[in-house]
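Working notes for the structure below.
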Protein chains: 2
Amino acid sequence: MSKAQSRDAFEARLRKIGDERYHDKHPFHRLLHSGGCTHDQVQAWVINRYYYQSRIPMKDAAFISRIDDPALRRAWRSRIEDHDGSAEKEGGIARWLRLAEAVGLDPDYVASTRGVLAGTRFAVDAYVHFVREKPLLEAMASSLTEMFAPKIHTERIAGLLEHYDFANKDSIAYFQKRLSEAPKDVAFGLAWVLDHANTLEKQDAAAAALTFKTDVLWSQLDALHSAYVDPGRIPPGAWQPGEGQLERSG
Amino acid sequence: MSKAQSRDAFEARLRKIGDERYHDKHPFHRLLHSGGCTHDQVQAWVINRYYYQSRIPMKDAAFISRIDDPALRRAWRSRIEDHDGSAEKEGGIARWLRLAEAVGLDPDYVASTRGVLAGTRFAVDAYVHFVREKPLLEAMASSLTEMFAPKIHTERIAGLLEHYDFANKDSIAYFQKRLSEAPKDVAFGLAWVLDHANTLEKQDAAAAALTFKTDVLWSQLDALHSAYVDPGRIPPGAWQPGEGQLERSG
């Protein structure tokens, strides 16, 4: 058996995966953050990304369902609470629906997930299945894209506020809140993965899991870009601009 | 409970799903069959479609693993035999690798599934999961895209033979063989679904399953088109033209 990488070298390897493959490098995000998205494109992003948000607590519950250590279960439970909240209209998913309203979408339409691209569903569901089926170390490692999230959230907050009328403190509260939530999750998950990946084989598996997760994120933006930006080929059954709009009472 | 559709009306409903959503309507197939694909694009298609082929026997085995009726298991078993063959170099997957060689790809590279688009993997894996998890009727109904396959295979055989140097009787044997295999599968599967979808609720579920499967096929071509045709944005880690080429001995 080959020798495991040092803790520092292994952490650097994980961070390099983000440098090379995280979806902050996808052209859709550059377009979004620089103010280049049309109103329809922003709506398409909000509709599709909702599907990801809505599946994260299911993913985390699947993970918890496989853990026999109460302490680890407790540590993970806060993620579900962060997304689902403790009362109606609280939590990350509710905040995402506030963003949906702010961009002129009917939140009930968005929450129905009708019109979500098949490519989005397949990528997100692949993530849920991965966490349900893979060894705990790999399931945990796949969450570590959160290491790279504060940078993209910071860019996004600045970019949305600068370039889009809908953006204000309330409508983009989701991203602001993630800036405080994600670091505690990352610190815990990263330490756990560094502690438990104690052979080269396990380190390879953890790195592959993180790579898989970058694919999950990138693939969603590929589907979005293909359908609504370039070449703009909307697949059968997917959201058509104009659908699911908020009716504003005069 | 609403009244079930008549057998004829329900069959017509299933066929309409194909008319509206089957992937023969995707621009990539029009490009391929009309001779408009570059050599790289043909190779990209062969590499990615291999992943689908390679997962079909896994899907069928998952289906069989859930059936307690020996007769139904036997009827389904021929699908695995069709794809895997009964000896090395036989069966649909081996025929696909002959196509890979004919277009200049190293069959070992193709069989490794390295370089397959994440969007392809997610779509195909979604199909395997669907068949593993859903009620038997829905799993069966999702196979009924085979009703629409003879038309696309006929078009493809003619289009490839007319437009591409690599195409000959041996290299495209996969499609010719499917023309004789698919109809027996369809006849069995369609009759089973028509017999067992005896309430409107079950008919709705079967129609939704077939719609899901058209998404699985369409989404693969969306990923392929986006990466290698228009706009030609190859995601991180995916096949780059020039990789995995067959080394021809002089």
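Residues are named by chain letter and number: chains run A, B, ... in the order of the structure tokens, numbers start at 1 in each chain, and ligands are numbered from 1 in the order shown.
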> Once you count only C-alpha atoms, which residues of chain B turn out to be within 9 Å of chain A? Could you give them as a VMD selection string?
Replying inline: chain B and resid 20 to 21 26 117 to 119 121 to 126 129 212 215 to 216 218 to 220 222 to 223 225 to 227 230 to 231 233 235 to 237
Go ahead and save the residues from that selection, with C-alpha atoms, as a short mmCIF file (atom, residue, chain, number, x, y, z; two decimals), in the first residue's frame.
data_model
loop_
_atom_site.label_atom_id
_atom_site.label_comp_id
_atom_site.auth_asym_id
_atom_site.auth_seq_id
_atom_site.Cartn_x
_atom_site.Cartn_y
_atom_site.Cartn_z
CA GLU B 20 -43.33 15.18 -29.04
CA ARG B 21 -40.21 14.40 -27.03
CA HIS B 26 -32.76 16.73 -31.15
CA LEU B 117 -19.52 14.03 -19.77
CA ALA B 118 -20.88 14.45 -16.26
CA GLY B 119 -24.22 15.34 -17.86
CA ARG B 121 -23.42 10.12 -16.39
CA PHE B 122 -26.07 11.91 -14.38
CA ALA B 123 -28.78 11.28 -16.95
CA VAL B 124 -27.93 7.61 -17.41
CA ASP B 125 -27.49 6.98 -13.70
CA ALA B 126 -30.87 8.63 -13.10
CA HIS B 129 -31.87 4.57 -10.17
CA PHE B 212 -38.90 10.83 -17.76
CA ASP B 215 -35.71 13.39 -20.71
CA VAL B 216 -32.90 10.92 -20.03
CA TRP B 218 -32.65 14.25 -24.63
CA SER B 219 -30.49 15.45 -21.77
CA GLN B 220 -27.56 13.32 -22.95
CA ASP B 222 -28.00 18.44 -24.75
CA ALA B 223 -24.80 17.79 -22.80
CA HIS B 225 -24.22 19.39 -28.12
CA SER B 226 -23.26 21.97 -25.50
CA ALA B 227 -19.79 20.49 -25.05
CA ASP B 230 -22.63 24.75 -29.91
CA PRO B 231 -21.22 26.57 -28.03
CA ARG B 233 -17.78 24.45 -24.09
CA PRO B 235 -16.55 20.88 -19.07
CA PRO B 236 -13.56 20.20 -16.78
CA GLY B 237 -12.43 16.59 -16.99
#
Superposed chain A (on chain B, all in-order C-alpha pairs) as an mmCIF file with C-alpha atoms, in the first residue's frame:
data_model
loop_
_atom_site.group_PDB
_atom_site.id
_atom_site.type_symbol
_atom_site.label_atom_id
_atom_site.label_comp_id
_atom_site.auth_asym_id
_atom_site.auth_seq_id
_atom_site.Cartn_x
_atom_site.Cartn_y
_atom_site.Cartn_z
ATOM 1 C CA MET A 1 -61.312 7.762 -8.809
ATOM 2 C CA SER A 2 -61.446 8.906 -12.410
ATOM 3 C CA LYS A 3 -62.101 6.341 -15.099
ATOM 4 C CA ALA A 4 -59.119 4.744 -16.810
ATOM 5 C CA GLN A 5 -58.501 5.548 -20.464
ATOM 6 C CA SER A 6 -59.362 2.831 -22.976
ATOM 7 C CA ARG A 7 -56.475 0.599 -24.012
ATOM 8 C CA ASP A 8 -56.301 2.262 -27.428
ATOM 9 C CA ALA A 9 -56.489 5.796 -26.048
ATOM 10 C CA PHE A 10 -53.779 5.019 -23.499
ATOM 11 C CA GLU A 11 -51.504 3.515 -26.152
ATOM 12 C CA ALA A 12 -52.056 6.584 -28.319
ATOM 13 C CA ARG A 13 -51.130 8.764 -25.346
ATOM 14 C CA LEU A 14 -47.850 6.879 -24.925
ATOM 15 C CA ARG A 15 -47.049 7.152 -28.630
ATOM 16 C CA LYS A 16 -47.734 10.880 -28.558
ATOM 17 C CA ILE A 17 -45.014 11.281 -25.928
ATOM 18 C CA GLY A 18 -42.587 9.892 -28.480
ATOM 19 C CA ASP A 19 -43.920 12.143 -31.223
ATOM 20 C CA GLU A 20 -43.338 15.168 -29.038
ATOM 21 C CA ARG A 21 -40.219 14.377 -27.030
ATOM 22 C CA TYR A 22 -38.165 11.489 -28.436
ATOM 23 C CA HIS A 23 -34.556 12.383 -29.148
ATOM 24 C CA ASP A 24 -34.847 11.854 -32.895
ATOM 25 C CA LYS A 25 -35.943 15.500 -32.818
ATOM 26 C CA HIS A 26 -32.770 16.718 -31.136
ATOM 27 C CA PRO A 27 -30.536 18.870 -33.377
ATOM 28 C CA PHE A 28 -27.530 16.663 -32.620
ATOM 29 C CA HIS A 29 -29.186 13.707 -34.299
ATOM 30 C CA ARG A 30 -30.177 15.789 -37.281
ATOM 31 C CA LEU A 31 -26.560 16.889 -37.573
ATOM 32 C CA LEU A 32 -25.257 13.336 -37.202
ATOM 33 C CA HIS A 33 -27.650 11.734 -39.646
ATOM 34 C CA SER A 34 -27.252 14.399 -42.292
ATOM 35 C CA GLY A 35 -23.460 14.103 -42.358
ATOM 36 C CA GLY A 36 -22.893 17.419 -40.620
ATOM 37 C CA CYS A 37 -20.786 16.102 -37.727
ATOM 38 C CA THR A 38 -17.037 16.561 -37.670
ATOM 39 C CA HIS A 39 -14.852 13.555 -36.913
ATOM 40 C CA ASP A 40 -14.362 14.857 -33.358
ATOM 41 C CA GLN A 41 -18.104 15.201 -32.879
ATOM 42 C CA VAL A 42 -18.708 11.640 -34.050
ATOM 43 C CA GLN A 43 -16.045 10.436 -31.618
ATOM 44 C CA ALA A 44 -17.591 12.440 -28.779
ATOM 45 C CA TRP A 45 -20.968 10.862 -29.523
ATOM 46 C CA VAL A 46 -19.504 7.339 -29.593
ATOM 47 C CA ILE A 47 -17.663 7.892 -26.281
ATOM 48 C CA ASN A 48 -20.664 9.307 -24.481
ATOM 49 C CA ARG A 49 -23.268 6.981 -25.875
ATOM 50 C CA TYR A 50 -21.085 4.071 -24.791
ATOM 51 C CA TYR A 51 -21.822 5.003 -21.213
ATOM 52 C CA TYR A 52 -25.523 4.571 -21.864
ATOM 53 C CA GLN A 53 -24.989 1.194 -23.564
ATOM 54 C CA SER A 54 -22.789 -0.006 -20.741
ATOM 55 C CA ARG A 55 -25.403 0.771 -18.071
ATOM 56 C CA ILE A 56 -28.370 -0.852 -19.820
ATOM 57 C CA PRO A 57 -27.589 -4.394 -18.605
ATOM 58 C CA MET A 58 -27.118 -3.011 -15.075
ATOM 59 C CA LYS A 59 -30.513 -1.363 -15.392
ATOM 60 C CA ASP A 60 -32.089 -4.586 -16.630
ATOM 61 C CA ALA A 61 -30.444 -6.622 -13.868
ATOM 62 C CA ALA A 62 -31.772 -4.159 -11.283
ATOM 63 C CA PHE A 63 -35.212 -4.649 -12.790
ATOM 64 C CA ILE A 64 -34.964 -8.437 -12.739
ATOM 65 C CA SER A 65 -33.727 -8.339 -9.149
ATOM 66 C CA ARG A 66 -37.097 -6.945 -8.135
ATOM 67 C CA ILE A 67 -39.345 -9.401 -10.008
ATOM 68 C CA ASP A 68 -40.697 -12.446 -8.183
ATOM 69 C CA ASP A 69 -42.332 -14.045 -11.226
ATOM 70 C CA PRO A 70 -39.895 -16.441 -12.960
ATOM 71 C CA ALA A 71 -41.706 -16.098 -16.292
ATOM 72 C CA LEU A 72 -41.351 -12.320 -16.268
ATOM 73 C CA ARG A 73 -37.716 -12.618 -15.203
ATOM 74 C CA ARG A 74 -37.032 -14.971 -18.103
ATOM 75 C CA ALA A 75 -38.753 -12.686 -20.582
ATOM 76 C CA TRP A 76 -36.593 -9.797 -19.445
ATOM 77 C CA ARG A 77 -33.334 -11.761 -19.315
ATOM 78 C CA SER A 78 -32.889 -11.730 -23.085
ATOM 79 C CA ARG A 79 -32.231 -8.004 -22.881
ATOM 80 C CA ILE A 80 -29.122 -8.592 -20.809
ATOM 81 C CA GLU A 81 -28.044 -11.322 -23.210
ATOM 82 C CA ASP A 82 -28.601 -9.023 -26.180
ATOM 83 C CA HIS A 83 -26.279 -6.400 -24.722
ATOM 84 C CA ASP A 84 -23.645 -8.489 -22.994
ATOM 85 C CA GLY A 85 -23.592 -11.438 -25.410
ATOM 86 C CA SER A 86 -22.753 -14.992 -24.390
ATOM 87 C CA ALA A 87 -19.043 -14.803 -25.144
ATOM 88 C CA GLU A 88 -16.402 -12.144 -25.443
ATOM 89 C CA LYS A 89 -16.728 -9.880 -28.480
ATOM 90 C CA GLU A 90 -20.424 -10.712 -28.752
ATOM 91 C CA GLY A 91 -23.451 -8.632 -27.885
ATOM 92 C CA GLY A 92 -24.444 -5.012 -28.252
ATOM 93 C CA ILE A 93 -21.685 -3.541 -26.106
ATOM 94 C CA ALA A 94 -18.997 -5.357 -28.099
ATOM 95 C CA ARG A 95 -20.648 -4.138 -31.286
ATOM 96 C CA TRP A 96 -20.543 -0.593 -29.943
ATOM 97 C CA LEU A 97 -16.802 -0.962 -29.309
ATOM 98 C CA ARG A 98 -16.388 -2.094 -32.924
ATOM 99 C CA LEU A 99 -18.024 1.185 -33.906
ATOM 100 C CA ALA A 100 -15.570 2.967 -31.583
ATOM 101 C CA GLU A 101 -12.635 1.355 -33.372
ATOM 102 C CA ALA A 102 -14.116 2.180 -36.753
ATOM 103 C CA VAL A 103 -14.203 5.878 -35.847
ATOM 104 C CA GLY A 104 -10.560 5.703 -34.728
ATOM 105 C CA LEU A 105 -10.968 5.379 -30.973
ATOM 106 C CA ASP A 106 -9.081 3.021 -28.692
ATOM 107 C CA PRO A 107 -11.820 0.651 -27.481
ATOM 108 C CA ASP A 108 -10.091 0.295 -24.112
ATOM 109 C CA TYR A 109 -10.268 4.059 -23.662
ATOM 110 C CA VAL A 110 -13.955 4.080 -24.548
ATOM 111 C CA ALA A 111 -14.673 1.114 -22.264
ATOM 112 C CA SER A 112 -12.913 2.893 -19.378
ATOM 113 C CA THR A 113 -15.645 5.603 -19.580
ATOM 114 C CA ARG A 114 -13.006 8.198 -18.689
ATOM 115 C CA GLY A 115 -13.893 11.452 -20.359
ATOM 116 C CA VAL A 116 -17.625 10.781 -20.415
ATOM 117 C CA LEU A 117 -19.500 14.037 -19.772
ATOM 118 C CA ALA A 118 -20.883 14.458 -16.260
ATOM 119 C CA GLY A 119 -24.216 15.338 -17.875
ATOM 120 C CA THR A 120 -24.237 11.959 -19.611
ATOM 121 C CA ARG A 121 -23.412 10.111 -16.394
ATOM 122 C CA PHE A 122 -26.064 11.913 -14.389
ATOM 123 C CA ALA A 123 -28.783 11.264 -16.961
ATOM 124 C CA VAL A 124 -27.921 7.595 -17.420
ATOM 125 C CA ASP A 125 -27.483 6.970 -13.703
ATOM 126 C CA ALA A 126 -30.856 8.611 -13.116
ATOM 127 C CA TYR A 127 -32.355 5.964 -15.374
ATOM 128 C CA VAL A 128 -30.674 3.115 -13.480
ATOM 129 C CA HIS A 129 -31.854 4.574 -10.168
ATOM 130 C CA PHE A 130 -35.362 5.025 -11.519
ATOM 131 C CA VAL A 131 -35.628 1.388 -12.520
ATOM 132 C CA ARG A 132 -34.136 0.275 -9.213
ATOM 133 C CA GLU A 133 -36.504 2.337 -7.102
ATOM 134 C CA LYS A 134 -39.838 2.889 -8.826
ATOM 135 C CA PRO A 135 -42.881 0.603 -8.938
ATOM 136 C CA LEU A 136 -42.548 -2.172 -11.492
ATOM 137 C CA LEU A 137 -45.109 -0.641 -13.834
ATOM 138 C CA GLU A 138 -43.156 2.606 -14.042
ATOM 139 C CA ALA A 139 -39.846 0.797 -14.438
ATOM 140 C CA MET A 140 -41.357 -1.199 -17.295
ATOM 141 C CA ALA A 141 -42.963 1.860 -18.888
ATOM 142 C CA SER A 142 -39.649 3.720 -18.880
ATOM 143 C CA SER A 143 -38.303 1.115 -21.319
ATOM 144 C CA LEU A 144 -40.957 1.922 -23.904
ATOM 145 C CA THR A 145 -38.863 4.515 -25.704
ATOM 146 C CA GLU A 146 -37.943 1.376 -27.652
ATOM 147 C CA MET A 147 -41.262 1.875 -29.443
ATOM 148 C CA PHE A 148 -39.703 4.857 -31.150
ATOM 149 C CA ALA A 149 -36.247 3.367 -31.756
ATOM 150 C CA PRO A 150 -36.693 1.496 -35.066
ATOM 151 C CA LYS A 151 -37.386 4.768 -36.869
ATOM 152 C CA ILE A 152 -34.261 6.471 -35.531
ATOM 153 C CA HIS A 153 -32.108 3.390 -36.172
ATOM 154 C CA THR A 154 -33.319 3.171 -39.753
ATOM 155 C CA GLU A 155 -32.579 6.865 -40.295
ATOM 156 C CA ARG A 156 -29.190 6.473 -38.658
ATOM 157 C CA ILE A 157 -28.107 3.474 -40.703
ATOM 158 C CA ALA A 158 -28.995 5.256 -43.928
ATOM 159 C CA GLY A 159 -27.456 8.544 -42.811
ATOM 160 C CA LEU A 160 -24.193 7.074 -41.549
ATOM 161 C CA LEU A 161 -23.715 4.883 -44.648
ATOM 162 C CA GLU A 162 -24.367 7.802 -46.945
ATOM 163 C CA HIS A 163 -22.238 10.429 -45.244
ATOM 164 C CA TYR A 164 -19.327 8.899 -43.328
ATOM 165 C CA ASP A 165 -16.301 6.901 -44.502
ATOM 166 C CA PHE A 166 -16.167 4.834 -41.328
ATOM 167 C CA ALA A 167 -19.648 3.434 -41.839
ATOM 168 C CA ASN A 168 -20.012 -0.047 -43.243
ATOM 169 C CA LYS A 169 -21.937 -3.215 -42.476
ATOM 170 C CA ASP A 170 -19.559 -4.268 -39.720
ATOM 171 C CA SER A 171 -18.984 -0.921 -38.006
ATOM 172 C CA ILE A 172 -22.669 -0.129 -37.709
ATOM 173 C CA ALA A 173 -23.788 -3.664 -36.915
ATOM 174 C CA TYR A 174 -25.046 -2.433 -33.554
ATOM 175 C CA PHE A 175 -27.928 -0.519 -35.111
ATOM 176 C CA GLN A 176 -28.811 -3.219 -37.617
ATOM 177 C CA LYS A 177 -29.023 -5.769 -34.831
ATOM 178 C CA ARG A 178 -31.203 -3.506 -32.694
ATOM 179 C CA LEU A 179 -33.713 -3.375 -35.533
ATOM 180 C CA SER A 180 -34.437 -7.060 -34.972
ATOM 181 C CA GLU A 181 -34.033 -7.091 -31.179
ATOM 182 C CA ALA A 182 -36.068 -4.041 -30.185
ATOM 183 C CA PRO A 183 -39.450 -5.008 -31.673
ATOM 184 C CA LYS A 184 -39.781 -8.201 -29.613
ATOM 185 C CA ASP A 185 -38.886 -6.252 -26.455
ATOM 186 C CA VAL A 186 -41.371 -3.523 -27.307
ATOM 187 C CA ALA A 187 -44.197 -5.929 -28.060
ATOM 188 C CA PHE A 188 -43.708 -7.585 -24.685
ATOM 189 C CA GLY A 189 -43.216 -4.399 -22.651
ATOM 190 C CA LEU A 190 -46.046 -2.482 -24.280
ATOM 191 C CA ALA A 191 -48.541 -5.318 -23.803
ATOM 192 C CA TRP A 192 -47.505 -5.635 -20.153
ATOM 193 C CA VAL A 193 -47.910 -1.918 -19.497
ATOM 194 C CA LEU A 194 -51.278 -1.762 -21.291
ATOM 195 C CA ASP A 195 -52.474 -4.779 -19.286
ATOM 196 C CA HIS A 196 -51.296 -3.545 -15.894
ATOM 197 C CA ALA A 197 -52.085 0.172 -16.088
ATOM 198 C CA ASN A 198 -55.711 -0.518 -15.255
ATOM 199 C CA THR A 199 -56.542 2.729 -13.461
ATOM 200 C CA LEU A 200 -56.123 6.313 -14.575
ATOM 201 C CA GLU A 201 -53.653 6.845 -11.749
ATOM 202 C CA LYS A 202 -51.452 4.028 -13.031
ATOM 203 C CA GLN A 203 -51.781 5.261 -16.600
ATOM 204 C CA ASP A 204 -50.648 8.707 -15.474
ATOM 205 C CA ALA A 205 -47.687 7.175 -13.660
ATOM 206 C CA ALA A 206 -46.716 5.092 -16.699
ATOM 207 C CA ALA A 207 -46.953 8.120 -18.993
ATOM 208 C CA ALA A 208 -44.808 10.128 -16.580
ATOM 209 C CA ALA A 209 -42.226 7.322 -16.533
ATOM 210 C CA LEU A 210 -42.017 7.319 -20.314
ATOM 211 C CA THR A 211 -41.715 11.112 -20.305
ATOM 212 C CA PHE A 212 -38.901 10.815 -17.757
ATOM 213 C CA LYS A 213 -37.094 8.425 -20.068
ATOM 214 C CA THR A 214 -37.360 10.806 -23.017
ATOM 215 C CA ASP A 215 -35.719 13.378 -20.723
ATOM 216 C CA VAL A 216 -32.892 10.922 -20.025
ATOM 217 C CA LEU A 217 -32.208 10.567 -23.742
ATOM 218 C CA TRP A 218 -32.643 14.244 -24.618
ATOM 219 C CA SER A 219 -30.483 15.440 -21.758
ATOM 220 C CA GLN A 220 -27.545 13.321 -22.945
ATOM 221 C CA LEU A 221 -27.674 15.010 -26.341
ATOM 222 C CA ASP A 222 -28.004 18.444 -24.745
ATOM 223 C CA ALA A 223 -24.800 17.790 -22.805
ATOM 224 C CA LEU A 224 -23.077 16.498 -25.939
ATOM 225 C CA HIS A 225 -24.233 19.396 -28.107
ATOM 226 C CA SER A 226 -23.276 21.964 -25.496
ATOM 227 C CA ALA A 227 -19.792 20.490 -25.044
ATOM 228 C CA TYR A 228 -18.833 19.656 -28.613
ATOM 229 C CA VAL A 229 -21.080 21.513 -31.052
ATOM 230 C CA ASP A 230 -22.664 24.736 -29.926
ATOM 231 C CA PRO A 231 -21.235 26.582 -28.033
ATOM 232 C CA GLY A 232 -18.584 23.869 -27.737
ATOM 233 C CA ARG A 233 -17.811 24.465 -24.071
ATOM 234 C CA ILE A 234 -16.115 21.285 -22.850
ATOM 235 C CA PRO A 235 -16.556 20.904 -19.072
ATOM 236 C CA PRO A 236 -13.580 20.240 -16.776
ATOM 237 C CA GLY A 237 -12.425 16.622 -16.969
ATOM 238 C CA ALA A 238 -14.400 15.699 -20.093
ATOM 239 C CA TRP A 239 -12.898 14.183 -23.246
ATOM 240 C CA GLN A 240 -10.790 16.542 -25.296
ATOM 241 C CA PRO A 241 -10.538 15.897 -29.049
ATOM 242 C CA GLY A 242 -7.422 13.874 -29.740
ATOM 243 C CA GLU A 243 -7.568 11.826 -26.544
ATOM 244 C CA GLY A 244 -8.073 8.052 -26.580
ATOM 245 C CA GLN A 245 -7.156 7.552 -30.219
ATOM 246 C CA LEU A 246 -6.515 4.140 -31.718
ATOM 247 C CA GLU A 247 -2.886 3.612 -32.627
ATOM 248 C CA ARG A 248 -2.950 1.957 -35.990
ATOM 249 C CA SER A 249 -0.017 -0.305 -36.639
ATOM 250 C CA GLY A 250 1.501 0.428 -40.025
#
> Taking the backbone alone, and naming residues the way the document does, which bits of segment 57-243 of chain B are alpha helix (DSSP H) by DSSP, as an MDAnalysis selection string?
Replying inline: chainID B and resid 57:64 70:84 91:102 107:112 118:133 136:142 149:163 173:196 200:228
